[in-house]
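protein13.tsv (TSV, C-alpha atoms) appears below.
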```
chain	number	residue	atom	x	y	z
A	1	MET	CA	-5.98	-21.15	-22.72
A	2	ASN	CA	-6.66	-20.25	-19.08
A	3	LYS	CA	-8.95	-23.07	-17.93
A	4	ASP	CA	-9.54	-21.54	-14.49
A	5	LEU	CA	-10.69	-18.26	-16.02
A	6	THR	CA	-12.90	-20.11	-18.49
A	7	GLU	CA	-14.58	-22.00	-15.63
A	8	THR	CA	-15.08	-18.75	-13.73
A	9	ILE	CA	-16.77	-17.08	-16.71
A	10	LYS	CA	-18.88	-20.19	-17.32
A	11	LYS	CA	-20.15	-20.06	-13.73
A	12	ARG	CA	-21.09	-16.41	-14.14
A	13	TYR	CA	-23.09	-17.18	-17.27
A	14	ASN	CA	-24.76	-20.12	-15.56
A	15	ARG	CA	-25.74	-17.68	-12.83
A	16	THR	CA	-27.10	-15.04	-15.21
A	17	ALA	CA	-29.06	-17.54	-17.34
A	18	LEU	CA	-32.21	-16.90	-15.29
A	19	PHE	CA	-32.41	-13.23	-16.28
A	20	TYR	CA	-30.41	-13.25	-19.52
A	21	ASP	CA	-33.54	-12.93	-21.65
A	22	TRP	CA	-34.19	-9.57	-20.03
A	23	MET	CA	-30.64	-8.44	-20.87
A	24	ASP	CA	-31.08	-9.59	-24.48
A	25	ARG	CA	-34.03	-7.24	-24.93
A	26	LEU	CA	-31.52	-4.39	-24.99
A	27	ILE	CA	-30.30	-5.66	-28.37
A	28	SER	CA	-32.23	-4.35	-31.36
A	29	PRO	CA	-34.01	-7.05	-33.40
A	30	ARG	CA	-32.98	-5.03	-36.48
A	31	TRP	CA	-29.33	-5.77	-35.70
A	32	ARG	CA	-30.04	-9.49	-35.41
A	33	LYS	CA	-31.83	-9.46	-38.78
A	34	LEU	CA	-28.80	-7.83	-40.40
A	35	VAL	CA	-26.60	-10.64	-39.09
A	36	TRP	CA	-28.78	-13.49	-40.24
A	37	GLN	CA	-29.36	-12.01	-43.69
A	38	GLU	CA	-25.69	-12.85	-44.25
A	39	ALA	CA	-25.99	-16.52	-43.27
A	40	TYR	CA	-26.25	-19.44	-45.70
A	41	GLY	CA	-25.69	-23.20	-45.89
A	42	ARG	CA	-24.21	-25.01	-42.91
A	43	VAL	CA	-24.15	-22.46	-40.10
A	44	LEU	CA	-22.37	-22.47	-36.76
A	45	GLU	CA	-23.72	-20.08	-34.15
A	46	VAL	CA	-21.14	-19.51	-31.44
A	47	GLY	CA	-22.51	-18.53	-28.03
A	48	VAL	CA	-26.18	-19.25	-28.67
A	49	GLY	CA	-27.05	-18.19	-25.11
A	50	THR	CA	-30.74	-18.66	-24.41
A	51	GLY	CA	-31.69	-18.68	-28.10
A	52	ALA	CA	-32.45	-15.02	-28.82
A	53	ASN	CA	-31.47	-15.49	-32.47
A	54	PHE	CA	-33.80	-18.45	-33.10
A	55	PRO	CA	-36.61	-16.39	-34.72
A	56	PHE	CA	-34.10	-14.98	-37.22
A	57	TYR	CA	-32.59	-18.25	-38.46
A	58	PRO	CA	-33.20	-18.57	-42.24
A	59	PRO	CA	-35.27	-21.70	-42.95
A	60	TYR	CA	-32.86	-22.73	-45.71
A	61	CYS	CA	-29.91	-23.07	-43.27
A	62	GLN	CA	-28.79	-26.03	-41.18
A	63	VAL	CA	-27.67	-24.59	-37.85
A	64	THR	CA	-25.36	-26.01	-35.22
A	65	ALA	CA	-25.53	-23.76	-32.13
A	66	ILE	CA	-23.06	-24.01	-29.27
A	67	ASP	CA	-22.55	-22.51	-25.83
A	68	PHE	CA	-20.21	-23.36	-22.97
A	69	SER	CA	-22.92	-22.73	-20.35
A	70	PRO	CA	-25.21	-25.73	-19.74
A	71	LYS	CA	-27.81	-23.55	-18.04
A	72	MET	CA	-27.95	-21.24	-21.05
A	73	LEU	CA	-28.43	-24.26	-23.30
A	74	LYS	CA	-31.19	-25.60	-21.08
A	75	ARG	CA	-33.16	-22.41	-21.61
A	76	ALA	CA	-32.36	-22.39	-25.32
A	77	ARG	CA	-33.83	-25.87	-25.72
A	78	GLN	CA	-37.14	-24.52	-24.42
A	79	LYS	CA	-37.24	-22.03	-27.32
A	80	LEU	CA	-36.46	-24.30	-30.26
A	81	TYR	CA	-40.08	-23.97	-31.40
A	82	LEU	CA	-39.25	-20.36	-32.41
A	83	THR	CA	-36.95	-21.36	-35.26
A	84	ARG	CA	-37.86	-22.48	-38.77
A	85	ALA	CA	-34.44	-24.02	-39.39
A	86	PRO	CA	-33.17	-27.44	-38.27
A	87	VAL	CA	-30.99	-26.86	-35.19
A	88	THR	CA	-28.50	-28.97	-33.25
A	89	LEU	CA	-27.57	-27.63	-29.80
A	90	LEU	CA	-24.20	-28.60	-28.31
A	91	GLU	CA	-22.27	-27.71	-25.17
A	92	MET	CA	-18.87	-26.56	-26.43
A	93	ASP	CA	-16.21	-23.90	-25.87
A	94	VAL	CA	-15.31	-21.72	-28.86
A	95	GLN	CA	-11.68	-21.79	-27.68
A	96	GLN	CA	-11.64	-25.56	-28.41
A	97	LEU	CA	-14.11	-26.35	-31.16
A	98	GLU	CA	-14.64	-30.06	-31.78
A	99	PHE	CA	-15.34	-29.75	-35.51
A	100	PRO	CA	-13.09	-30.56	-38.48
A	101	SER	CA	-11.58	-27.63	-40.33
A	102	GLY	CA	-13.83	-26.10	-42.98
A	103	SER	CA	-17.03	-27.62	-41.56
A	104	PHE	CA	-19.30	-24.57	-41.95
A	105	ASP	CA	-20.30	-22.18	-44.71
A	106	THR	CA	-21.13	-19.42	-42.22
A	107	VAL	CA	-20.04	-18.81	-38.65
A	108	VAL	CA	-22.11	-16.32	-36.65
A	109	ALA	CA	-21.66	-14.78	-33.20
A	110	THR	CA	-23.70	-12.03	-31.56
A	111	PHE	CA	-22.16	-10.30	-28.55
A	112	VAL	CA	-19.94	-13.27	-27.72
A	113	PHE	CA	-16.30	-12.24	-27.97
A	114	CYS	CA	-16.72	-9.76	-25.15
A	115	SER	CA	-16.80	-12.73	-22.79
A	116	VAL	CA	-14.44	-15.32	-24.33
A	117	PRO	CA	-11.39	-15.45	-22.00
A	118	ASP	CA	-8.97	-15.69	-24.94
A	119	PRO	CA	-10.83	-13.93	-27.77
A	120	VAL	CA	-8.04	-14.26	-30.35
A	121	ARG	CA	-7.84	-18.01	-29.79
A	122	GLY	CA	-11.63	-18.28	-30.10
A	123	LEU	CA	-11.59	-16.27	-33.32
A	124	GLN	CA	-8.80	-18.44	-34.69
A	125	GLU	CA	-11.00	-21.48	-34.06
A	126	VAL	CA	-13.89	-19.74	-35.82
A	127	CYS	CA	-11.58	-19.11	-38.78
A	128	ARG	CA	-10.42	-22.74	-38.78
A	129	VAL	CA	-13.89	-24.32	-38.87
A	130	CYS	CA	-15.22	-21.92	-41.51
A	131	HIS	CA	-14.94	-23.16	-45.10
A	132	PRO	CA	-12.18	-21.37	-47.06
A	133	GLU	CA	-14.88	-19.77	-49.23
A	134	GLY	CA	-17.24	-19.24	-46.32
A	135	LYS	CA	-18.26	-16.19	-44.30
A	136	ILE	CA	-17.78	-15.03	-40.70
A	137	VAL	CA	-20.40	-12.63	-39.31
A	138	LEU	CA	-19.96	-10.99	-35.92
A	139	LEU	CA	-22.18	-8.54	-34.06
A	140	GLU	CA	-20.15	-7.16	-31.17
A	141	HIS	CA	-19.98	-4.28	-28.73
A	142	VAL	CA	-16.50	-2.79	-28.51
A	143	ARG	CA	-14.52	-0.16	-26.66
A	144	SER	CA	-15.49	3.33	-27.74
A	145	GLU	CA	-12.96	5.31	-29.75
A	146	ASN	CA	-14.13	8.41	-27.89
A	147	LYS	CA	-11.33	9.20	-25.45
A	148	LEU	CA	-13.58	10.04	-22.48
A	149	LEU	CA	-16.09	7.23	-23.00
A	150	GLY	CA	-13.34	4.71	-23.72
A	151	SER	CA	-11.60	5.62	-20.47
A	152	LEU	CA	-14.88	5.27	-18.57
A	153	MET	CA	-15.42	1.82	-20.08
A	154	ASP	CA	-11.91	0.84	-18.98
A	155	LEU	CA	-12.70	2.03	-15.46
A	156	LEU	CA	-15.99	0.15	-15.20
A	157	ASN	CA	-14.84	-3.02	-16.95
A	158	PRO	CA	-13.57	-4.96	-13.87
A	159	LEU	CA	-16.95	-4.53	-12.16
A	160	VAL	CA	-18.91	-5.60	-15.25
A	161	VAL	CA	-16.71	-8.67	-15.71
A	162	TYR	CA	-17.17	-9.62	-12.05
A	163	LEU	CA	-20.96	-9.29	-12.21
A	164	PHE	CA	-21.72	-10.63	-15.67
A	165	GLY	CA	-18.57	-12.19	-17.15
A	166	SER	CA	-18.41	-9.87	-20.16
A	167	ASN	CA	-15.89	-7.16	-21.02
A	168	ILE	CA	-17.17	-3.78	-22.22
A	169	ASN	CA	-13.81	-2.55	-23.51
A	170	ARG	CA	-12.70	-5.23	-25.94
A	171	ARG	CA	-11.05	-4.09	-29.20
A	172	THR	CA	-12.74	-6.82	-31.20
A	173	VAL	CA	-12.01	-5.49	-34.69
A	174	GLU	CA	-8.29	-5.60	-33.86
A	175	ASN	CA	-8.70	-9.10	-32.37
A	176	VAL	CA	-10.41	-10.29	-35.56
A	177	LYS	CA	-7.41	-9.12	-37.58
A	178	LYS	CA	-4.98	-10.78	-35.14
A	179	ALA	CA	-6.84	-14.07	-35.61
A	180	GLY	CA	-6.14	-14.00	-39.35
A	181	ILE	CA	-9.70	-13.27	-40.47
A	182	LYS	CA	-9.87	-11.09	-43.57
A	183	ILE	CA	-12.32	-8.28	-42.85
A	184	GLU	CA	-14.58	-7.36	-45.77
A	185	ARG	CA	-16.53	-4.63	-44.01
A	186	VAL	CA	-17.30	-3.12	-40.62
A	187	GLU	CA	-20.59	-1.30	-40.04
A	188	ASN	CA	-21.19	1.01	-37.08
A	189	LEU	CA	-24.66	0.27	-35.75
A	190	GLY	CA	-24.82	1.92	-32.35
A	191	GLY	CA	-22.81	4.98	-31.37
A	192	GLY	CA	-19.55	3.49	-32.56
A	193	ILE	CA	-19.84	0.88	-29.80
A	194	VAL	CA	-21.89	-1.78	-31.63
A	195	LYS	CA	-20.34	-3.09	-34.84
A	196	LEU	CA	-21.26	-5.60	-37.52
A	197	ILE	CA	-18.08	-7.28	-38.71
A	198	VAL	CA	-18.15	-9.42	-41.88
A	199	GLY	CA	-15.08	-11.35	-42.91
A	200	ARG	CA	-13.61	-14.40	-44.62
A	201	PRO	CA	-11.17	-17.08	-43.40
```
Would you mind writing the file's structure down as structure tokens?
Amino acid sequence: MNKDLTETIKKRYNRTALFYDWMDRLISPRWRKLVWQEAYGRVLEVGVGTGANFPFYPPYCQVTAIDFSPKMLKRARQKLYLTRAPVTLLEMDVQQLEFPSGSFDTVVATFVFCSVPDPVRGLQEVCRVCHPEGKIVLLEHVRSENKLLGSLMDLLNPLVVYLFGSNINRRTVENVKKAGIKIERVENLGGGIVKLIVGRP
């Protein structure tokens, strides 16, 4: 794991925490509902950000929500009143999860693995802490398979990473497979760029 790069990305997310809620409005609430309809039991949300998913947490789940940005977590704590589920917020890096293997029935992430410095390592950790009979649910934006648009995303990616810390050209479905997660289904939600990925450890 590249600790220097991780610190750099963390600083960028600390910086964007003030206006991150505005950025989150670009994400359809319908997509978030689809994700959380899959969740059950002991749930880990990776990359909770400022808490945009709180209103969608099922009341019958026990949620542990993590983020590596303390400023994101500070804003998330101010929104805990929006959730009907019991929630524990922790500062933690998905590349080094501090939970025993098999701790969670469901692991959820929404638009997270675009910014994890080593996405395969982070996904391997997600796989490790998910119960062997559990479920992994990811909502991610990925590089377009359209040749022209994909090339444009490659061209713009360095600028986007510099400004916001996220990559717009990640091949996340491929990364999920590399991490050893068994994909059950992939749904295209937005122009082939936004995908719902459901898998098992």
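With distances taken from (-33.4, -22.7, -29.2) and restricted to all atoms listed in the file, the residues inside 7 Å are A:Thr50, A:Gly51, A:Phe54, A:Ala76, A:Arg77, A:Gln78, A:Lys79, A:Leu80.
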Problem set entry | Distance in Å - CA of Val87 (chain A) versus CA of Gly199 (chain A) |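 CA of Gly199 (chain A) lies at a distance of 23.5 Å from CA of Val87 (chain A).
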Per residue of region 74-165 of chain A within 12 Å of region 175-192 of chain A, record the nearest atom pair and its distance in Å to one decimal, counting all atoms listed in the file, with rows in chain order and ascending residue number, as a Markdown table.
```
| residue | atom | partner | partner_atom | distance |
| --- | --- | --- | --- | --- |
| A:Val107 | CA | A:Ile181 | CA | 11.9 |
| A:Phe113 | CA | A:Asn175 | CA | 9.3 |
| A:Cys114 | CA | A:Asn175 | CA | 10.8 |
| A:Val116 | CA | A:Asn175 | CA | 11.7 |
| A:Asp118 | CA | A:Asn175 | CA | 9.9 |
| A:Pro119 | CA | A:Asn175 | CA | 7.0 |
| A:Val120 | CA | A:Ala179 | CA | 5.4 |
| A:Arg121 | CA | A:Ala179 | CA | 7.1 |
| A:Gly122 | CA | A:Ala179 | CA | 8.4 |
| A:Leu123 | CA | A:Ala179 | CA | 5.7 |
| A:Gln124 | CA | A:Ala179 | CA | 4.9 |
| A:Glu125 | CA | A:Ala179 | CA | 8.6 |
| A:Val126 | CA | A:Ile181 | CA | 9.0 |
| A:Cys127 | CA | A:Ile181 | CA | 6.4 |
| A:Arg128 | CA | A:Ile181 | CA | 9.6 |
| A:Val129 | CA | A:Ile181 | CA | 11.9 |
| A:Cys130 | CA | A:Ile181 | CA | 10.3 |
| A:Pro132 | CA | A:Ile181 | CA | 10.7 |
| A:Glu133 | CA | A:Lys182 | CA | 11.5 |
| A:Gly134 | CA | A:Ile181 | CA | 11.3 |
| A:Lys135 | CA | A:Glu184 | CA | 9.7 |
| A:Ile136 | CA | A:Ile181 | CA | 8.3 |
| A:Val137 | CA | A:Ile183 | CA | 9.8 |
| A:Leu138 | CA | A:Val186 | CA | 9.5 |
| A:Leu139 | CA | A:Leu189 | CA | 9.3 |
| A:Glu140 | CA | A:Leu189 | CA | 9.8 |
| A:His141 | CA | A:Gly190 | CA | 8.7 |
| A:Val142 | CA | A:Gly192 | CA | 8.1 |
| A:Arg143 | CA | A:Gly192 | CA | 8.6 |
| A:Ser144 | CA | A:Gly192 | CA | 6.3 |
| A:Glu145 | CA | A:Gly192 | CA | 7.4 |
| A:Asn146 | CA | A:Gly192 | CA | 8.7 |
| A:Leu149 | CA | A:Gly192 | CA | 10.8 |
| A:Gly150 | CA | A:Gly192 | CA | 10.9 |
```
Problem set entry | Atomic distance CA of Lys11 (chain A) - CA of Phe56 (chain A), expressed in Å with one decimal | 27.8 Å
Problem set entry | Interatomic distance, CA of Asp93 (chain A) to CA of Asn53 (chain A) (Å, one decimal) |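 Between these atoms lies a distance of 18.6 Å.
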Problem set entry | Among the residues A:Leu34, A:Leu97, A:Cys61, A:Val112, the one that comes closest to Gly49 (chain A) [using only C-alpha atoms] |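 So, comparing all the options, the nearest one is A:Val112.
Nearest residue to Gly102 (chain A) among A:Ile66, A:Val43, A:Leu163, A:Leu155 is A:Val43, counting only C-alpha atoms.
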Exercise. Nearest to Gly165 (chain A) among A:Pro86, A:Pro117, A:Pro59, A:Pro29, with distances taken over all atoms listed in the file: which residue is it?
Worked result: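 The answer is A:Pro117, which sits nearest to Gly165 (chain A).
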Exercise. Leaving out His131 (chain A) and any residue of its chain fewer than 5 positions from it, which residues lie within 9 Å of it when counting all atoms listed in the file, given as a list in words?
Worked result: Ser101, Gly102, Ser103, Phe104, Asp105, Thr106, Arg200 and Pro201 of chain A
For this session: Considering all atoms listed in the file, state which residue in the set A:Val48, A:Gln62, A:Leu5, A:Gln37 is at the smallest distance from Arg75 (chain A).
Result: A:Val48
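Nearest to Glu45 (chain A) of all the residues A:Leu196, A:Leu90, A:Val63, A:Leu148 is A:Val63, based on all atoms listed in the file.
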Exercise. A:Val160, A:Leu89, A:Ile9, A:Ala109: which is nearest Gly47 (chain A), counting all atoms listed in the file?
Worked result: A:Ala109
